[in-house]
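Novice: The following block contains the structure, expressed as structure tokens.
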Amino acid sequence: MSISREAYEALQSIVGSEWVSDDPAICIADTKGGYATGIVDINAVPPACSIQPGSAEEVQQIVKVANRYKLPYVPTSTFFTGMCAPSVENVIMMDLKRMAKFEINDKDLYAIIEPGISFSMLQAELFRRGLFTFVPTCGAHASVLANHIHCGDAPLAWRMGLGYRRILATEWVLPDGEMLKLGSRAYLKDYFWGEGPGPDLRALLRGNEGHEGGLGTVTKIAVKIFPFIPEKLEPQGVSPRTTLKLPESRMKWYNIAFPTREKAVDFMYEMGRCEIALMVSTIPPLFRYVARSRGLGASTFWEKWTRFGETANKDAMDVRVLIFGWTSEKQLAYEERVLMDVIADFDGVARPAPPFDESNFMSADAVCSWFIGGRFLSEVYFESLDCGLHTERGIREISRKRTPPLADTWDTPMLWAGYEFAHLGKQEYLNYADESELDALRVHEQDCREMDLKIGAYAIMEDTRMFGKAWYNYNQKMQELKNIFDPNNLSNPPKPLERPLHEKKS
Amino acid sequence: MGIKEDLIGVVGPESVSDSQERLRLYAKDHSLSSPCMPGYVVQPGTVGEIQQIIKLANESKISIVPCSSGIHFNGNTIPSQVGVILDLRRMSKIQNIDVRNRTARIEPGVTWSQLQKELEKHDLMALNPLFPHPLKSVLGSHLEREPMLIPKFEYGDPILNVEVILPNGDLFRSGSTCVTGFPDKSAADGVNPQGPGIDWVRLFQGAQGTMGVVTWAIVKTEIKPKVNKTFFISFDDIEQAIEPIYRVQKRMIGSECLLLNNLNLAAILTEKWPEDFETLRKVLPPWTLILVLAGGWRRPEERIEYEEDALCEIAVELSIPSLPTSLGGLPGVERKIPEMLRNAWPKDKTYWKFGYKGSCQDLFPHTVLARAPEFTKIIGEVAARHGYPMDDIGFYVQPLERARACHYECNFYYNPDDTKAVDRIRNLFVEAAETLVKMGAFFPRPYGPVANMVYDRATSYTTALKKVKGWLDPNNIMSPGRLCF
Amino acid sequence: MTLKLEDLRHDASGCIRCSNCKFTEHIWMQSARFGRQCPISTRYAFNLYSAPGLMHSALGIMDKKLEFTPKLLDALFKCTLCGACDVRCKRNLDPEILSVIEVLKAKAVEVGKGPMPEHRVVTENIEKRNNRYGSPYDNRLKWLTDDIKPAAKADILYFVGCVASYAHNEIAQATARILMRINTDFMVSQDEWCCGYLLYSTGQVDSFSRQAEHNIEMLKKSGAKIVLVSCAEGYKTWKVDYPKVLGKSTDDMDLKVVHIVEYIDQLVKDDALRFKNSIPMKVTYHDPCNLGRLSEPWYHWEGTYKRYGVPEPPKTFRRDGHAGVYESPRDILKAIPGIELIEMERARDNAWCCGAGAGVELAFPDFALWAASERLEEAKATGAEAIVTCCPTCKEVLHKAAQSRREKIKVYDITEIILEAIS
């Protein structure tokens, strides 16, 4: 073992020998994987041990042991992204999955969550109570807590916004082992409010993508939940062809074709002004073909996708809208009338779509993005929809230059979505490379960051080394913050500072 | 050279003053906080001037208290030591209205009426709190996190991004406004408040000037409805109002939604003091829920129609006898109210909080809606112990974010010229605040004595906050003595 | 067996850590309580104890960066091979997760680290006496009572299996009596050997091949074309694992495997059988993994993967659990007067494993009992009086769990119910 026997025994005394292990297989299983694996975790080092605390108190004790013995630690739960990978020696991998309690307050619309609760579990419980939450694009089995403090991008959040808008009171074990309580938990037992008191230290919890354990370990969080309709969504089918049947008196899908991206964006802005719908998001042709190949295998996808490329309309953009009778059936009828007005005004051609959902209420399984094989890296921008037109132009140029070896996306639009009634937009460009050519993704990513600097765009893939100076030296500030709260640099080092994607250690 | 000369060197002699008469304006406000004379008041006109002033303050270890409104109610701009008041009202431009993204970029001195007037030209409105004073700064309101009147939006903080001068004099921009070339040469429109690194914009809200000086902010605006239907639903006691509010909000009905007791509503609707007020106070129901159904951007009447149908369903479910769209004895008020709610208090009318007795001290925790009746009862008991009649307390309950919580406000009216009354209110206020804190009321905006009550209890938060303060303002020049600093 | 671990490198690398493998299909998830899918992941929580952990271990073994450590062996041999991870994964992706785990077990045996000592006892029993219990081979047909008269020659060979032959005779007897009641001729073999399920599922492929070869030869000699089983393990072993180990597809085998529920269900649908007797009882149905998710035909494929993992030659099949035997038992139960069928939250391809599969109950009885108890809780939550299943092993472990917890809920094999309904 690469940590001292004394340190290991100290850890054992906290959780019991059943819940800590330095077995090499346990450690290998905690080394790499997830989104951007092969890119962000190329320098991953197997941890020294893996430990599973059962409570926040145990987390505190573990962190104190880590400080005593100067051992770095990485908090994780589902290991959904390669960013969980330990990048230094002797890491204690703190796996929080055992902490899986939750409590739902129907009246005041919040749920108190521990790290081991997935969206699928929470959504199932909420649906039983006539409530719901927004399952993020990364998939239903992501940790609710981790996702809210990381990104929280969900297709149904058209009205509500990203994860940072939905965090209430929080409990957080700082890198020195002390517990910090935010919002109403600062001095009350209640979790209903997230701000303050005074300046809002939820500021330190996030940024575009959170600090990924770099400033400590969040052990409990209250998140906003939302009222739903009384009608049930009916599950149907056997995997892989499962779906939810939507109540037609309250929900209706439309797929709307626009001749250009600009028209589609205009439409999305107008939808924001009209304050209707539960989802307004594009349908990238790539995802359409993935959906058509579900259950048939990736070969089918490549066959169809290659054929599609021969006649692909590069300019057209389809938008998928879910109108919703949240208040009543009459609201659905109202929204439909308004939608038709808007479609007509913006040269859209609408096609009602079947009343089923595979991907948004219970799933949002962007894991289907992996379906076609290879690896992908997303360029994600949360900014205005108009900004997206600029960044997309730039990325298309870069992609054309770098294809091949990148997979050809036929210059077609990628994923756009709107949030907070089009106050905010998202553009996500998925770039694919074969596993043997992942350098192509790194190079593409580098090109995109250079483009961002040049045109003044704001990707979420912050890189303090690339952007620090240009962005008011925020990299220095982040280093200072790290020094204040984690002077021993033990909490998922070097987070929240970046490990640049494009840097390979020899 | 002395401080004054240094300041004059930055902003020019017209923008610096140390006259007692002038300084007295900043030494006290409409709160019960003890007055304290500043040393100087300076009015910068540019970001560069502010940076120089901050640098001077660091060198001289002199305190800076920024303010941007012409009136203050909570004591947060009264200095705790002799220092410099940084009055930002000269910076009062609406730098940009982005109609497409529905935002406005505003400087600190922009008032509510100024902004709403401009936005109306574009069919937009900003999200104001309840009848802000005509001299109140929009940026000040948003930084102080004053509650919006419209719970249907799932955000409570309309501020998106800020440009700020940090306590060391560095310029910083939050979120996507940090990109090169913003605003004129960047692809970004400044609408993403996240990052870079951390969510900076959250640090400056609720900070009472302790973390830096905001020089502009991008704030959200929304479509200003052209068609409205206002309901005035009356209740005999606050308990009866709670379940209707929960149901209305959970069914996504309505725009502005607020609960006022008769005293506050009378103060708001009074045209002639004191005659109108006393009459109104007697005829208005004990509690009135004002609910505005706002027409949508398109087919406005149709939206009102389906929302009204749903409202009627709730009324039947809860046996609410009627849903009046007027207030007896006040013809036309239903048409006036939406416009009033979407604007600052008119300049030519006595401010509603001053009409009754001259001033009022506000206590405003957050709680869950279901506890509002309990708090009201307790406030009444505390007031009685101080010989203050319940009938003289104004109450304002603002549901927040679909009634997930509420801003629960008590207004203790008093005559500021009556020293006994002032003492009584001061004591009552402290006891009421302490009692509510012990009962579980949460004060996300702790002013004056409430700050100590809160921070003494919020030990881990206080420790962390001090670390952040120490990081950003190592010389503690920004509003020292505020909050827990 | 034709598959080697290195053949599955592409599949092992395909894990993206989405955690689908650990949870019920999200579309069907109804509660947090019954939202988990993988027994080892649910119980042990370490990432190793899950499909992603085992995939990473497989890669580690292949790259010689890892050996079979105590924890790896523990996780590996506690895996019941229920197939939930495989089916959940295939909702979106293509990797053959289950094959990786199966072959990893075989690798452990190959290098002398597996199977568990308790499994070796069974291996010895099978080698010496051709049954898992080590009971005298001659006792294999002792379940036959006087009233049961198999034919000397018939198209159907009833392959009884060890559990029904030696431990749960009631299942064999019920099956036989059903066939007699419906005038279906069937044979039983004097030469039946243990199907070898426990050998294959614990990585002992060579020993398993011996069983496979013998039983296939036995069937051939009998002249029967249909192997009828009343055991889910036997069903899957004949249908999937025999062709697998021979390097063939199910369709290439000169035999057809039918479970008694498929047979009866077809008769009911053809109106050739009606249930006369009423059985007033609220029941819930437990899908055995080997009859449900894992029962699709096997397709033999050899090839390589091109860019983006496109297989060459193309795979013309997809084993993703959608075509398991889910409806036949349900349709039978619904057709029996008086029976009220109430589904558990995790049904069909979402079924929670009883915990006994792949020799787990032998080597880790506490863990198996825990898994069975979980299923029992779920059954009780439906308000059912009884659990009905189609697998003697499932029945046995669920019954043990009920007894140990002093639960009133009864556990039946479907053959017992069918027999009562037609007698």
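Following the order of the structure tokens, first chain is A, next is B, and so on, with residues numbered from 1 inside each chain and ligands from 1 in the order they appear.
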Give the residues of chain B that lie within 7 Å of chain A; count only C-alpha atoms, and format the answer as a VMD selection string.
Specialist: chain B and resid 101 to 102 154 to 155 172 176 178 to 181 186 to 189 191 to 192 194 to 200 202 to 207 223 250 to 253 296 to 298 302 to 303 306 310 368 403 to 405 440 442 to 446 457 to 458 460 to 461
Novice: Excluding same-chain residues fewer than 3 positions from range 404-408 of chain A, what lies within 7 Å of it counting only C-alpha atoms, as a PyMOL selection string?
Specialist: chain A and resi 431-433+440
Novice: Give the residues of chain C that lie within 6 Å of chain A; count only C-alpha atoms, and format the answer as number ranges by chain.
Specialist: C: 16-19, 26-32, 47-48, 53, 56, 72, 91-93, 307-310, 322
Novice: Between CA of Phe153 in chain B and CA of Pro373 in chain B, what is the distance in Å, rounded to a tenth?
Specialist: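 According to the coordinates, CA of Phe153 in chain B and CA of Pro373 in chain B are separated by 24.9 Å.
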Novice: Do a neighbour search on range 219-222 of chain C at 9 Å with only C-alpha atoms, toss out local chain neighbours closer than 5 positions, and write the hits as a PyMOL selection string.
Specialist: chain C and resi 153-155+157+187+189+192+214+227+254-255
Novice: Between CA of Pro365 in chain B and CA of Ser63 in chain B, what is the spacing in Å?
Specialist: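 If I compute the distance from CA of Ser63 in chain B to CA of Pro365 in chain B, I get 29.0 Å.
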Novice: If you run DSSP on this backbone, which residues of range 23-206 of chain C come out as strand (DSSP E or B), and could you give them as an NGL selection string?
Specialist: :C and (23 or 36 or 156-159 or 187)
Novice: What's around Thr304 in chain C at 10 Å? Count only C-alpha atoms, leave out sequence neighbours fewer than 2 positions away in its own chain, and write the answer as a list in words.
Specialist: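 Non-adjacent residues within range: Asp7, His10, Trp301, Glu302, Lys306, Gly309, Val310, Pro311, Glu312, Pro313 and Pro314 of chain C.
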Novice: Generate a file of the selected residues that holds N, CA, C and O atoms, formatted as a PDB file, in the first residue's frame.
Specialist:
ATOM      1  N   ASP C   7     -10.586 -11.202 -26.811  1.00  0.00           N
ATOM      2  CA  ASP C   7     -11.604 -10.996 -27.853  1.00  0.00           C
ATOM      3  C   ASP C   7     -12.611  -9.942 -27.417  1.00  0.00           C
ATOM      4  O   ASP C   7     -13.337  -9.387 -28.244  1.00  0.00           O
ATOM      5  N   HIS C  10     -12.688  -4.808 -26.828  1.00  0.00           N
ATOM      6  CA  HIS C  10     -13.536  -3.725 -27.339  1.00  0.00           C
ATOM      7  C   HIS C  10     -14.763  -3.545 -26.445  1.00  0.00           C
ATOM      8  O   HIS C  10     -15.154  -2.421 -26.116  1.00  0.00           O
ATOM      9  N   TRP C 301     -20.482 -15.141 -33.304  1.00  0.00           N
ATOM     10  CA  TRP C 301     -19.864 -14.128 -34.155  1.00  0.00           C
ATOM     11  C   TRP C 301     -18.382 -14.113 -33.897  1.00  0.00           C
ATOM     12  O   TRP C 301     -17.926 -14.142 -32.751  1.00  0.00           O
ATOM     13  N   GLU C 302     -17.639 -14.050 -34.981  1.00  0.00           N
ATOM     14  CA  GLU C 302     -16.186 -13.845 -34.853  1.00  0.00           C
ATOM     15  C   GLU C 302     -15.815 -12.745 -35.807  1.00  0.00           C
ATOM     16  O   GLU C 302     -16.234 -12.763 -36.967  1.00  0.00           O
ATOM     17  N   LYS C 306     -13.845  -2.211 -36.607  1.00  0.00           N
ATOM     18  CA  LYS C 306     -13.195  -1.157 -37.402  1.00  0.00           C
ATOM     19  C   LYS C 306     -13.312   0.182 -36.657  1.00  0.00           C
ATOM     20  O   LYS C 306     -13.554   0.197 -35.452  1.00  0.00           O
ATOM     21  N   GLY C 309     -15.689   1.324 -33.736  1.00  0.00           N
ATOM     22  CA  GLY C 309     -16.186   0.070 -33.203  1.00  0.00           C
ATOM     23  C   GLY C 309     -17.196  -0.627 -34.088  1.00  0.00           C
ATOM     24  O   GLY C 309     -17.963  -1.466 -33.615  1.00  0.00           O
ATOM     25  N   VAL C 310     -17.219  -0.302 -35.353  1.00  0.00           N
ATOM     26  CA  VAL C 310     -18.158  -0.983 -36.256  1.00  0.00           C
ATOM     27  C   VAL C 310     -17.659  -2.410 -36.490  1.00  0.00           C
ATOM     28  O   VAL C 310     -16.513  -2.597 -36.903  1.00  0.00           O
ATOM     29  N   PRO C 311     -18.483  -3.400 -36.208  1.00  0.00           N
ATOM     30  CA  PRO C 311     -18.012  -4.784 -36.320  1.00  0.00           C
ATOM     31  C   PRO C 311     -17.869  -5.227 -37.773  1.00  0.00           C
ATOM     32  O   PRO C 311     -18.653  -4.846 -38.626  1.00  0.00           O
ATOM     33  N   GLU C 312     -16.870  -6.049 -38.004  1.00  0.00           N
ATOM     34  CA  GLU C 312     -16.652  -6.624 -39.309  1.00  0.00           C
ATOM     35  C   GLU C 312     -16.407  -8.120 -39.132  1.00  0.00           C
ATOM     36  O   GLU C 312     -15.443  -8.504 -38.482  1.00  0.00           O
ATOM     37  N   PRO C 313     -17.217  -9.060 -39.615  1.00  0.00           N
ATOM     38  CA  PRO C 313     -18.428  -8.791 -40.400  1.00  0.00           C
ATOM     39  C   PRO C 313     -19.510  -8.145 -39.543  1.00  0.00           C
ATOM     40  O   PRO C 313     -19.418  -8.206 -38.310  1.00  0.00           O
ATOM     41  N   PRO C 314     -20.525  -7.557 -40.146  1.00  0.00           N
ATOM     42  CA  PRO C 314     -21.577  -6.905 -39.351  1.00  0.00           C
ATOM     43  C   PRO C 314     -22.280  -7.922 -38.453  1.00  0.00           C
ATOM     44  O   PRO C 314     -22.381  -9.104 -38.788  1.00  0.00           O
TER      45      PRO C 314
END
